[in-house]
>>> print(open('my_file-v1.txt').read())   # compact mmCIF, N, CA, C and O atoms
# COMPACT_ATOMS: atom_id res chain seq x y z
N ASP A 1 12.47 -0.85 3.01
CA ASP A 1 11.25 -0.51 2.28
C ASP A 1 10.03 -0.72 3.16
O ASP A 1 10.04 -1.54 4.08
N TYR A 2 8.99 0.00 2.85
CA TYR A 2 7.73 -0.07 3.58
C TYR A 2 6.61 -0.27 2.57
O TYR A 2 6.59 0.37 1.52
N ALA A 3 5.68 -1.15 2.88
CA ALA A 3 4.51 -1.35 2.02
C ALA A 3 3.31 -0.70 2.69
O ALA A 3 3.11 -0.82 3.90
N VAL A 4 2.52 0.00 1.87
CA VAL A 4 1.26 0.57 2.34
C VAL A 4 0.16 0.13 1.37
O VAL A 4 0.43 -0.19 0.21
N PHE A 5 -1.05 0.09 1.87
CA PHE A 5 -2.15 -0.52 1.15
C PHE A 5 -3.30 0.47 1.02
O PHE A 5 -3.81 0.96 2.02
N ALA A 6 -3.69 0.77 -0.20
CA ALA A 6 -4.73 1.76 -0.46
C ALA A 6 -6.11 1.10 -0.39
O ALA A 6 -6.89 1.12 -1.34
N SER A 7 -6.41 0.53 0.77
CA SER A 7 -7.64 -0.25 0.92
C SER A 7 -8.88 0.62 1.14
O SER A 7 -9.96 0.28 0.67
N LYS A 8 -8.73 1.68 1.91
CA LYS A 8 -9.86 2.52 2.32
C LYS A 8 -11.01 1.64 2.83
O LYS A 8 -12.18 1.86 2.54
N ALA A 9 -10.60 0.59 3.59
CA ALA A 9 -11.55 -0.35 4.21
C ALA A 9 -12.51 -0.99 3.21
O ALA A 9 -13.63 -1.33 3.54
N GLY A 10 -12.05 -1.14 1.96
CA GLY A 10 -12.88 -1.80 0.94
C GLY A 10 -13.84 -0.88 0.22
O GLY A 10 -14.74 -1.33 -0.49
N ALA A 11 -13.65 0.43 0.37
CA ALA A 11 -14.50 1.40 -0.34
C ALA A 11 -14.32 1.25 -1.85
O ALA A 11 -13.32 0.69 -2.31
N PRO A 12 -15.27 1.73 -2.63
CA PRO A 12 -15.19 1.57 -4.08
C PRO A 12 -14.06 2.33 -4.76
O PRO A 12 -13.70 2.03 -5.90
N SER A 13 -13.47 3.31 -4.08
CA SER A 13 -12.35 4.06 -4.66
C SER A 13 -11.21 4.12 -3.66
O SER A 13 -11.43 4.04 -2.45
N PRO A 14 -9.98 4.27 -4.16
CA PRO A 14 -8.84 4.35 -3.24
C PRO A 14 -8.81 5.67 -2.48
O PRO A 14 -9.45 6.65 -2.89
N PRO A 15 -8.05 5.73 -1.40
CA PRO A 15 -7.96 6.97 -0.62
C PRO A 15 -7.20 8.05 -1.39
O PRO A 15 -6.42 7.77 -2.31
N ALA A 16 -7.40 9.30 -0.99
CA ALA A 16 -6.78 10.44 -1.67
C ALA A 16 -5.26 10.35 -1.67
O ALA A 16 -4.60 10.71 -2.65
N TRP A 17 -4.67 9.85 -0.57
CA TRP A 17 -3.21 9.79 -0.52
C TRP A 17 -2.64 8.93 -1.64
O TRP A 17 -1.54 9.20 -2.13
N TYR A 18 -3.37 7.92 -2.07
CA TYR A 18 -2.91 7.08 -3.17
C TYR A 18 -2.76 7.90 -4.45
O TYR A 18 -1.74 7.83 -5.14
N HIS A 19 -3.77 8.70 -4.77
CA HIS A 19 -3.72 9.54 -5.96
C HIS A 19 -2.57 10.54 -5.87
O HIS A 19 -1.91 10.84 -6.88
N ASN A 20 -2.32 11.06 -4.67
CA ASN A 20 -1.21 11.99 -4.47
C ASN A 20 0.13 11.31 -4.76
O ASN A 20 1.00 11.91 -5.39
N LEU A 21 0.30 10.07 -4.30
CA LEU A 21 1.56 9.36 -4.55
C LEU A 21 1.73 8.99 -6.02
O LEU A 21 2.85 8.98 -6.53
N VAL A 22 0.64 8.67 -6.70
CA VAL A 22 0.72 8.39 -8.14
C VAL A 22 1.17 9.65 -8.87
O VAL A 22 2.03 9.61 -9.76
N ALA A 23 0.61 10.80 -8.50
CA ALA A 23 0.95 12.07 -9.15
C ALA A 23 2.37 12.53 -8.81
O ALA A 23 3.05 13.12 -9.64
N ASN A 24 2.80 12.27 -7.58
CA ASN A 24 4.13 12.69 -7.13
C ASN A 24 4.69 11.62 -6.20
O ASN A 24 4.41 11.63 -5.00
N PRO A 25 5.49 10.69 -6.73
CA PRO A 25 5.97 9.57 -5.92
C PRO A 25 7.04 9.92 -4.89
O PRO A 25 7.39 9.08 -4.07
N SER A 26 7.53 11.14 -4.88
CA SER A 26 8.50 11.56 -3.85
C SER A 26 7.72 12.02 -2.63
O SER A 26 6.83 12.85 -2.73
N ALA A 27 8.09 11.47 -1.47
CA ALA A 27 7.36 11.80 -0.24
C ALA A 27 8.28 11.62 0.95
O ALA A 27 9.42 11.17 0.82
N THR A 28 7.78 11.95 2.12
CA THR A 28 8.44 11.63 3.37
C THR A 28 7.44 10.91 4.26
O THR A 28 6.23 11.16 4.18
N ILE A 29 7.95 9.99 5.06
CA ILE A 29 7.11 9.28 6.02
C ILE A 29 7.75 9.41 7.40
O ILE A 29 8.95 9.68 7.50
N GLU A 30 6.97 9.23 8.41
CA GLU A 30 7.49 9.23 9.77
C GLU A 30 7.49 7.80 10.29
O GLU A 30 6.47 7.11 10.26
N VAL A 31 8.66 7.36 10.74
CA VAL A 31 8.83 6.04 11.33
C VAL A 31 9.39 6.26 12.73
O VAL A 31 10.56 6.64 12.87
N GLY A 32 8.54 6.07 13.73
CA GLY A 32 8.95 6.42 15.09
C GLY A 32 9.21 7.92 15.14
O GLY A 32 8.37 8.72 14.76
N THR A 33 10.42 8.30 15.54
CA THR A 33 10.78 9.71 15.62
C THR A 33 11.57 10.17 14.40
O THR A 33 11.97 11.33 14.32
N GLU A 34 11.78 9.28 13.44
CA GLU A 34 12.57 9.58 12.25
C GLU A 34 11.68 9.99 11.08
O GLU A 34 10.63 9.39 10.85
N THR A 35 12.09 11.00 10.34
CA THR A 35 11.45 11.37 9.09
C THR A 35 12.29 10.80 7.96
O THR A 35 13.50 11.05 7.89
N VAL A 36 11.65 9.99 7.09
CA VAL A 36 12.37 9.23 6.07
C VAL A 36 11.90 9.67 4.68
O VAL A 36 10.72 9.58 4.37
N PRO A 37 12.84 10.12 3.83
CA PRO A 37 12.46 10.41 2.44
C PRO A 37 12.28 9.10 1.68
O PRO A 37 13.09 8.17 1.82
N VAL A 38 11.21 9.02 0.89
CA VAL A 38 10.91 7.79 0.15
C VAL A 38 10.46 8.11 -1.27
O VAL A 38 10.05 9.23 -1.57
N THR A 39 10.52 7.09 -2.10
CA THR A 39 9.93 7.12 -3.43
C THR A 39 8.91 6.00 -3.49
O THR A 39 9.21 4.86 -3.12
N ALA A 40 7.71 6.32 -3.96
CA ALA A 40 6.62 5.35 -4.03
C ALA A 40 6.62 4.65 -5.38
O ALA A 40 6.88 5.27 -6.42
N ARG A 41 6.31 3.36 -5.33
CA ARG A 41 6.17 2.57 -6.56
C ARG A 41 4.97 1.65 -6.38
O ARG A 41 4.87 0.93 -5.37
N ILE A 42 4.06 1.67 -7.34
CA ILE A 42 2.87 0.81 -7.28
C ILE A 42 3.29 -0.58 -7.72
O ILE A 42 3.85 -0.76 -8.81
N LEU A 43 3.03 -1.57 -6.87
CA LEU A 43 3.39 -2.95 -7.21
C LEU A 43 2.32 -3.57 -8.09
O LEU A 43 1.13 -3.29 -7.93
N GLU A 44 2.75 -4.44 -8.98
CA GLU A 44 1.83 -5.12 -9.89
C GLU A 44 2.21 -6.59 -10.00
O GLU A 44 3.30 -7.00 -9.61
N GLY A 45 1.29 -7.37 -10.56
CA GLY A 45 1.55 -8.77 -10.87
C GLY A 45 1.95 -9.60 -9.66
O GLY A 45 1.42 -9.42 -8.55
N ASP A 46 2.93 -10.49 -9.88
CA ASP A 46 3.37 -11.39 -8.81
C ASP A 46 3.97 -10.65 -7.63
O ASP A 46 3.81 -11.07 -6.48
N GLU A 47 4.65 -9.55 -7.91
CA GLU A 47 5.25 -8.78 -6.83
C GLU A 47 4.17 -8.23 -5.90
O GLU A 47 4.27 -8.34 -4.68
N ARG A 48 3.10 -7.69 -6.47
CA ARG A 48 1.98 -7.21 -5.67
C ARG A 48 1.33 -8.35 -4.90
O ARG A 48 1.06 -8.25 -3.71
N ALA A 49 1.08 -9.45 -5.60
CA ALA A 49 0.39 -10.59 -4.98
C ALA A 49 1.15 -11.11 -3.76
O ALA A 49 0.54 -11.43 -2.74
N GLN A 50 2.45 -11.19 -3.86
CA GLN A 50 3.26 -11.70 -2.75
C GLN A 50 3.12 -10.81 -1.52
O GLN A 50 2.88 -11.30 -0.41
N VAL A 51 3.23 -9.51 -1.70
CA VAL A 51 3.13 -8.57 -0.57
C VAL A 51 1.70 -8.55 -0.04
O VAL A 51 1.47 -8.56 1.17
N TRP A 52 0.72 -8.54 -0.93
CA TRP A 52 -0.69 -8.50 -0.52
C TRP A 52 -1.08 -9.74 0.27
O TRP A 52 -1.74 -9.64 1.31
N GLU A 53 -0.68 -10.90 -0.19
CA GLU A 53 -1.01 -12.14 0.53
C GLU A 53 -0.38 -12.16 1.91
O GLU A 53 -1.00 -12.60 2.88
N ARG A 54 0.85 -11.68 2.01
CA ARG A 54 1.52 -11.63 3.31
C ARG A 54 0.79 -10.67 4.26
O ARG A 54 0.62 -10.95 5.44
N GLN A 55 0.34 -9.54 3.73
CA GLN A 55 -0.40 -8.58 4.56
C GLN A 55 -1.68 -9.22 5.10
O GLN A 55 -2.04 -9.04 6.26
N LYS A 56 -2.38 -9.97 4.26
CA LYS A 56 -3.62 -10.63 4.72
C LYS A 56 -3.33 -11.69 5.78
O LYS A 56 -4.14 -11.89 6.68
N GLU A 57 -2.17 -12.33 5.69
CA GLU A 57 -1.78 -13.30 6.73
C GLU A 57 -1.53 -12.58 8.06
O GLU A 57 -1.95 -13.05 9.12
N LEU A 58 -0.83 -11.45 7.98
CA LEU A 58 -0.48 -10.71 9.20
C LEU A 58 -1.67 -9.97 9.79
O LEU A 58 -1.78 -9.84 11.01
N MET A 59 -2.55 -9.45 8.93
CA MET A 59 -3.70 -8.67 9.38
C MET A 59 -4.93 -9.12 8.59
O MET A 59 -5.25 -8.55 7.54
N PRO A 60 -5.62 -10.16 9.06
CA PRO A 60 -6.72 -10.76 8.31
C PRO A 60 -7.86 -9.81 7.93
O PRO A 60 -8.60 -10.07 6.99
N GLY A 61 -7.97 -8.68 8.59
CA GLY A 61 -9.00 -7.70 8.23
C GLY A 61 -8.86 -7.22 6.79
O GLY A 61 -9.84 -6.82 6.16
N PHE A 62 -7.65 -7.28 6.25
CA PHE A 62 -7.45 -6.85 4.86
C PHE A 62 -8.16 -7.78 3.88
O PHE A 62 -8.57 -7.35 2.81
N ALA A 63 -8.32 -9.04 4.25
CA ALA A 63 -9.09 -9.96 3.40
C ALA A 63 -10.55 -9.51 3.35
O ALA A 63 -11.21 -9.62 2.31
N ASP A 64 -11.06 -8.98 4.47
CA ASP A 64 -12.43 -8.45 4.49
C ASP A 64 -12.55 -7.23 3.58
O ASP A 64 -13.55 -7.08 2.88
N TYR A 65 -11.54 -6.38 3.59
CA TYR A 65 -11.56 -5.21 2.70
C TYR A 65 -11.61 -5.67 1.24
O TYR A 65 -12.34 -5.10 0.43
N GLU A 66 -10.83 -6.68 0.92
CA GLU A 66 -10.79 -7.21 -0.44
C GLU A 66 -12.15 -7.75 -0.87
O GLU A 66 -12.59 -7.52 -2.00
N LYS A 67 -12.84 -8.42 0.05
CA LYS A 67 -14.16 -8.98 -0.25
C LYS A 67 -15.22 -7.89 -0.41
O LYS A 67 -16.22 -8.08 -1.10
N ALA A 68 -14.98 -6.74 0.23
CA ALA A 68 -15.98 -5.66 0.24
C ALA A 68 -15.96 -4.82 -1.04
O ALA A 68 -16.83 -3.98 -1.22
N THR A 69 -14.98 -5.03 -1.91
CA THR A 69 -14.85 -4.18 -3.09
C THR A 69 -14.61 -5.01 -4.35
O THR A 69 -14.15 -6.14 -4.27
N THR A 70 -14.93 -4.42 -5.49
CA THR A 70 -14.65 -5.09 -6.77
C THR A 70 -13.32 -4.62 -7.35
O THR A 70 -12.83 -5.22 -8.31
N ARG A 71 -12.73 -3.57 -6.77
CA ARG A 71 -11.46 -3.08 -7.31
C ARG A 71 -10.29 -3.86 -6.73
O ARG A 71 -10.38 -4.47 -5.67
N THR A 72 -9.19 -3.84 -7.44
CA THR A 72 -7.94 -4.40 -6.91
C THR A 72 -7.34 -3.36 -5.99
O THR A 72 -7.11 -2.21 -6.40
N ILE A 73 -7.09 -3.73 -4.76
CA ILE A 73 -6.54 -2.79 -3.78
C ILE A 73 -5.07 -2.56 -4.09
O ILE A 73 -4.28 -3.51 -4.12
N PRO A 74 -4.69 -1.31 -4.35
CA PRO A 74 -3.29 -1.03 -4.68
C PRO A 74 -2.34 -1.28 -3.51
O PRO A 74 -2.66 -1.00 -2.35
N VAL A 75 -1.18 -1.83 -3.86
CA VAL A 75 -0.09 -2.02 -2.91
C VAL A 75 1.03 -1.08 -3.36
O VAL A 75 1.45 -1.13 -4.52
N VAL A 76 1.48 -0.24 -2.44
CA VAL A 76 2.49 0.76 -2.75
C VAL A 76 3.75 0.47 -1.94
O VAL A 76 3.67 0.33 -0.71
N LEU A 77 4.86 0.36 -2.61
CA LEU A 77 6.14 0.17 -1.93
C LEU A 77 6.82 1.52 -1.79
O LEU A 77 6.97 2.25 -2.78
N LEU A 78 7.21 1.86 -0.58
CA LEU A 78 7.90 3.11 -0.28
C LEU A 78 9.35 2.77 -0.01
O LEU A 78 9.66 2.11 0.99
N SER A 79 10.24 3.19 -0.90
CA SER A 79 11.67 2.88 -0.77
C SER A 79 12.42 4.12 -0.33
O SER A 79 12.19 5.22 -0.87
N ARG A 80 13.33 3.94 0.61
CA ARG A 80 14.17 5.06 1.07
C ARG A 80 14.94 5.65 -0.09
O ARG A 80 15.44 4.91 -0.95
N THR A 81 15.05 6.97 -0.09
CA THR A 81 15.83 7.63 -1.15
C THR A 81 17.06 8.27 -0.57
O THR A 81 17.22 8.39 0.62
>>> encode(input="my_file-v1.txt", output="structure tokens")
Amino acid sequence: DYAVFASKAGAPSPPAWYHNLVANPSATIEVGTETVPVTARILEGDERAQVWERQKELMPGFADYEKATTRTIPVVLLSRT
């Protein structure tokens, strides 16, 4: 699985790709030279918090994005199909 974050650098609204995944959760991603079919799922509650906190530990700039906005930054899990 892969986690992606609809931060848009702390902008007041999420990026367009987030709305596209909400409307159609079937997608493909590129990982290295491989094209991987995935299904997107928006994480919520404790599951979201766990992944989000880990992302901020690994890449502290995401904490700055969180401070820059009043919205909850969506965390999207992309699972291989």
>>> residues_near_point(input="my_file-v1.txt", point="(-14.0, -0.3, -10.6)", cutoff="8 Å", atoms="only N, CA, C and O atoms", output="list in words")
Pro12, Ser13, Thr69, Thr70, Arg71 and Thr72 of chain A
>>> residues_around(input="my_file-v1.txt", residues="range 24-31 of chain A", least_positions_apart="4", cutoff="7 Å", atoms="only N, CA, C and O atoms", output="list in words")
Tyr18, His19, Asn20, Thr35, Val36, Pro37, Val38, Thr39, Ala40, Arg41, Leu77 and Ser79 of chain A
>>> atom_distance(input="my_file-v1.txt", atom1="atom N of Ser7 in chain A", atom2="CA of Val51 in chain A")
13.3 Å
>>> atom_distance(input="my_file-v1.txt", atom1="atom C of Trp17 in chain A", atom2="atom C of Asp1 in chain A")
16.6 Å
>>> axis_aligned_box(input="my_file-v1.txt", around="range 34-37 of chain A", padding_each_side="5 Å", output="JSON")
{"center_x": 12.1, "center_y": 9.8, "center_z": 7.6, "size_x": 12.9, "size_y": 13.2, "size_z": 21.8}
>>> select_by_dssp(input="my_file-v1.txt", residues="chain A", states="strand (DSSP E)", output="NGL selection string")
:A and (2-5 or 26-31 or 34-42 or 75-80)
>>> residues_around(input="my_file-v1.txt", residues="Pro15 in chain A", least_positions_apart="5", cutoff="12 Å", atoms="only C-alpha atoms", output="number ranges by chain")
A: 4-10, 20-22, 73-74
>>> build_atoms(input="my_file-v1.txt", residues="range 54-65 of chain A", atoms="all heavy atoms", output="PDB file, in the frame of the given file")
ATOM      1  N   ARG A  54       0.850 -11.680   2.010  1.00  0.00           N
ATOM      2  CA  ARG A  54       1.520 -11.630   3.310  1.00  0.00           C
ATOM      3  C   ARG A  54       0.790 -10.670   4.260  1.00  0.00           C
ATOM      4  O   ARG A  54       0.620 -10.950   5.440  1.00  0.00           O
ATOM      5  CB  ARG A  54       2.980 -11.203   3.128  1.00  0.00           C
ATOM      6  CG  ARG A  54       3.758 -11.135   4.408  1.00  0.00           C
ATOM      7  CD  ARG A  54       3.973 -12.511   5.004  1.00  0.00           C
ATOM      8  NE  ARG A  54       4.814 -12.382   6.193  1.00  0.00           N
ATOM      9  CZ  ARG A  54       4.616 -13.052   7.310  1.00  0.00           C
ATOM     10  NH1 ARG A  54       3.656 -13.953   7.389  1.00  0.00           N
ATOM     11  NH2 ARG A  54       5.396 -12.869   8.338  1.00  0.00           N
ATOM     12  N   GLN A  55       0.340  -9.540   3.730  1.00  0.00           N
ATOM     13  CA  GLN A  55      -0.400  -8.580   4.560  1.00  0.00           C
ATOM     14  C   GLN A  55      -1.680  -9.220   5.100  1.00  0.00           C
ATOM     15  O   GLN A  55      -2.040  -9.040   6.260  1.00  0.00           O
ATOM     16  CB  GLN A  55      -0.726  -7.307   3.764  1.00  0.00           C
ATOM     17  CG  GLN A  55      -1.539  -6.285   4.512  1.00  0.00           C
ATOM     18  CD  GLN A  55      -0.808  -5.663   5.695  1.00  0.00           C
ATOM     19  OE1 GLN A  55       0.371  -5.911   5.929  1.00  0.00           O
ATOM     20  NE2 GLN A  55      -1.508  -4.850   6.452  1.00  0.00           N
ATOM     21  N   LYS A  56      -2.380  -9.970   4.260  1.00  0.00           N
ATOM     22  CA  LYS A  56      -3.620 -10.630   4.720  1.00  0.00           C
ATOM     23  C   LYS A  56      -3.330 -11.690   5.780  1.00  0.00           C
ATOM     24  O   LYS A  56      -4.140 -11.890   6.680  1.00  0.00           O
ATOM     25  CB  LYS A  56      -4.376 -11.233   3.539  1.00  0.00           C
ATOM     26  CG  LYS A  56      -4.960 -10.185   2.617  1.00  0.00           C
ATOM     27  CD  LYS A  56      -5.914 -10.760   1.590  1.00  0.00           C
ATOM     28  CE  LYS A  56      -5.256 -11.762   0.675  1.00  0.00           C
ATOM     29  NZ  LYS A  56      -6.177 -12.284  -0.353  1.00  0.00           N
ATOM     30  N   GLU A  57      -2.170 -12.330   5.690  1.00  0.00           N
ATOM     31  CA  GLU A  57      -1.780 -13.300   6.730  1.00  0.00           C
ATOM     32  C   GLU A  57      -1.530 -12.580   8.060  1.00  0.00           C
ATOM     33  O   GLU A  57      -1.950 -13.050   9.120  1.00  0.00           O
ATOM     34  CB  GLU A  57      -0.510 -14.039   6.331  1.00  0.00           C
ATOM     35  CG  GLU A  57      -0.671 -15.026   5.214  1.00  0.00           C
ATOM     36  CD  GLU A  57       0.669 -15.593   4.742  1.00  0.00           C
ATOM     37  OE1 GLU A  57       1.697 -15.367   5.420  1.00  0.00           O
ATOM     38  OE2 GLU A  57       0.689 -16.249   3.687  1.00  0.00           O
ATOM     39  N   LEU A  58      -0.830 -11.450   7.980  1.00  0.00           N
ATOM     40  CA  LEU A  58      -0.480 -10.710   9.200  1.00  0.00           C
ATOM     41  C   LEU A  58      -1.670  -9.970   9.790  1.00  0.00           C
ATOM     42  O   LEU A  58      -1.780  -9.840  11.010  1.00  0.00           O
ATOM     43  CB  LEU A  58       0.633  -9.696   8.884  1.00  0.00           C
ATOM     44  CG  LEU A  58       1.981 -10.288   8.496  1.00  0.00           C
ATOM     45  CD1 LEU A  58       2.924  -9.187   8.009  1.00  0.00           C
ATOM     46  CD2 LEU A  58       2.591 -11.038   9.665  1.00  0.00           C
ATOM     47  N   MET A  59      -2.550  -9.450   8.930  1.00  0.00           N
ATOM     48  CA  MET A  59      -3.700  -8.670   9.380  1.00  0.00           C
ATOM     49  C   MET A  59      -4.930  -9.120   8.590  1.00  0.00           C
ATOM     50  O   MET A  59      -5.250  -8.550   7.540  1.00  0.00           O
ATOM     51  CB  MET A  59      -3.432  -7.179   9.192  1.00  0.00           C
ATOM     52  CG  MET A  59      -2.208  -6.710   9.970  1.00  0.00           C
ATOM     53  SD  MET A  59      -2.053  -4.931  10.029  1.00  0.00           S
ATOM     54  CE  MET A  59      -3.381  -4.514  11.137  1.00  0.00           C
ATOM     55  N   PRO A  60      -5.620 -10.160   9.060  1.00  0.00           N
ATOM     56  CA  PRO A  60      -6.720 -10.760   8.310  1.00  0.00           C
ATOM     57  C   PRO A  60      -7.860  -9.810   7.930  1.00  0.00           C
ATOM     58  O   PRO A  60      -8.600 -10.070   6.990  1.00  0.00           O
ATOM     59  CB  PRO A  60      -7.226 -11.862   9.244  1.00  0.00           C
ATOM     60  CG  PRO A  60      -6.059 -12.186  10.115  1.00  0.00           C
ATOM     61  CD  PRO A  60      -5.323 -10.893  10.285  1.00  0.00           C
ATOM     62  N   GLY A  61      -7.970  -8.680   8.590  1.00  0.00           N
ATOM     63  CA  GLY A  61      -9.000  -7.700   8.230  1.00  0.00           C
ATOM     64  C   GLY A  61      -8.860  -7.220   6.790  1.00  0.00           C
ATOM     65  O   GLY A  61      -9.840  -6.820   6.160  1.00  0.00           O
ATOM     66  N   PHE A  62      -7.650  -7.280   6.250  1.00  0.00           N
ATOM     67  CA  PHE A  62      -7.450  -6.850   4.860  1.00  0.00           C
ATOM     68  C   PHE A  62      -8.160  -7.780   3.880  1.00  0.00           C
ATOM     69  O   PHE A  62      -8.570  -7.350   2.810  1.00  0.00           O
ATOM     70  CB  PHE A  62      -5.965  -6.706   4.541  1.00  0.00           C
ATOM     71  CG  PHE A  62      -5.398  -5.403   5.025  1.00  0.00           C
ATOM     72  CD1 PHE A  62      -5.005  -5.241   6.345  1.00  0.00           C
ATOM     73  CD2 PHE A  62      -5.268  -4.313   4.175  1.00  0.00           C
ATOM     74  CE1 PHE A  62      -4.497  -4.045   6.812  1.00  0.00           C
ATOM     75  CE2 PHE A  62      -4.764  -3.105   4.622  1.00  0.00           C
ATOM     76  CZ  PHE A  62      -4.374  -2.968   5.953  1.00  0.00           C
ATOM     77  N   ALA A  63      -8.320  -9.040   4.250  1.00  0.00           N
ATOM     78  CA  ALA A  63      -9.090  -9.960   3.400  1.00  0.00           C
ATOM     79  C   ALA A  63     -10.550  -9.510   3.350  1.00  0.00           C
ATOM     80  O   ALA A  63     -11.210  -9.620   2.310  1.00  0.00           O
ATOM     81  CB  ALA A  63      -8.974 -11.383   3.931  1.00  0.00           C
ATOM     82  N   ASP A  64     -11.060  -8.980   4.470  1.00  0.00           N
ATOM     83  CA  ASP A  64     -12.430  -8.450   4.490  1.00  0.00           C
ATOM     84  C   ASP A  64     -12.550  -7.230   3.580  1.00  0.00           C
ATOM     85  O   ASP A  64     -13.550  -7.080   2.880  1.00  0.00           O
ATOM     86  CB  ASP A  64     -12.844  -8.083   5.917  1.00  0.00           C
ATOM     87  CG  ASP A  64     -12.916  -9.292   6.836  1.00  0.00           C
ATOM     88  OD1 ASP A  64     -13.142 -10.418   6.336  1.00  0.00           O
ATOM     89  OD2 ASP A  64     -12.724  -9.113   8.055  1.00  0.00           O
ATOM     90  N   TYR A  65     -11.540  -6.380   3.590  1.00  0.00           N
ATOM     91  CA  TYR A  65     -11.560  -5.210   2.700  1.00  0.00           C
ATOM     92  C   TYR A  65     -11.610  -5.670   1.240  1.00  0.00           C
ATOM     93  O   TYR A  65     -12.340  -5.100   0.430  1.00  0.00           O
ATOM     94  CB  TYR A  65     -10.315  -4.343   2.893  1.00  0.00           C
ATOM     95  CG  TYR A  65     -10.114  -3.793   4.280  1.00  0.00           C
ATOM     96  CD1 TYR A  65      -8.847  -3.402   4.697  1.00  0.00           C
ATOM     97  CD2 TYR A  65     -11.160  -3.648   5.181  1.00  0.00           C
ATOM     98  CE1 TYR A  65      -8.634  -2.886   5.965  1.00  0.00           C
ATOM     99  CE2 TYR A  65     -10.957  -3.136   6.448  1.00  0.00           C
ATOM    100  CZ  TYR A  65      -9.690  -2.749   6.832  1.00  0.00           C
ATOM    101  OH  TYR A  65      -9.485  -2.238   8.085  1.00  0.00           O
TER     102      TYR A  65
END
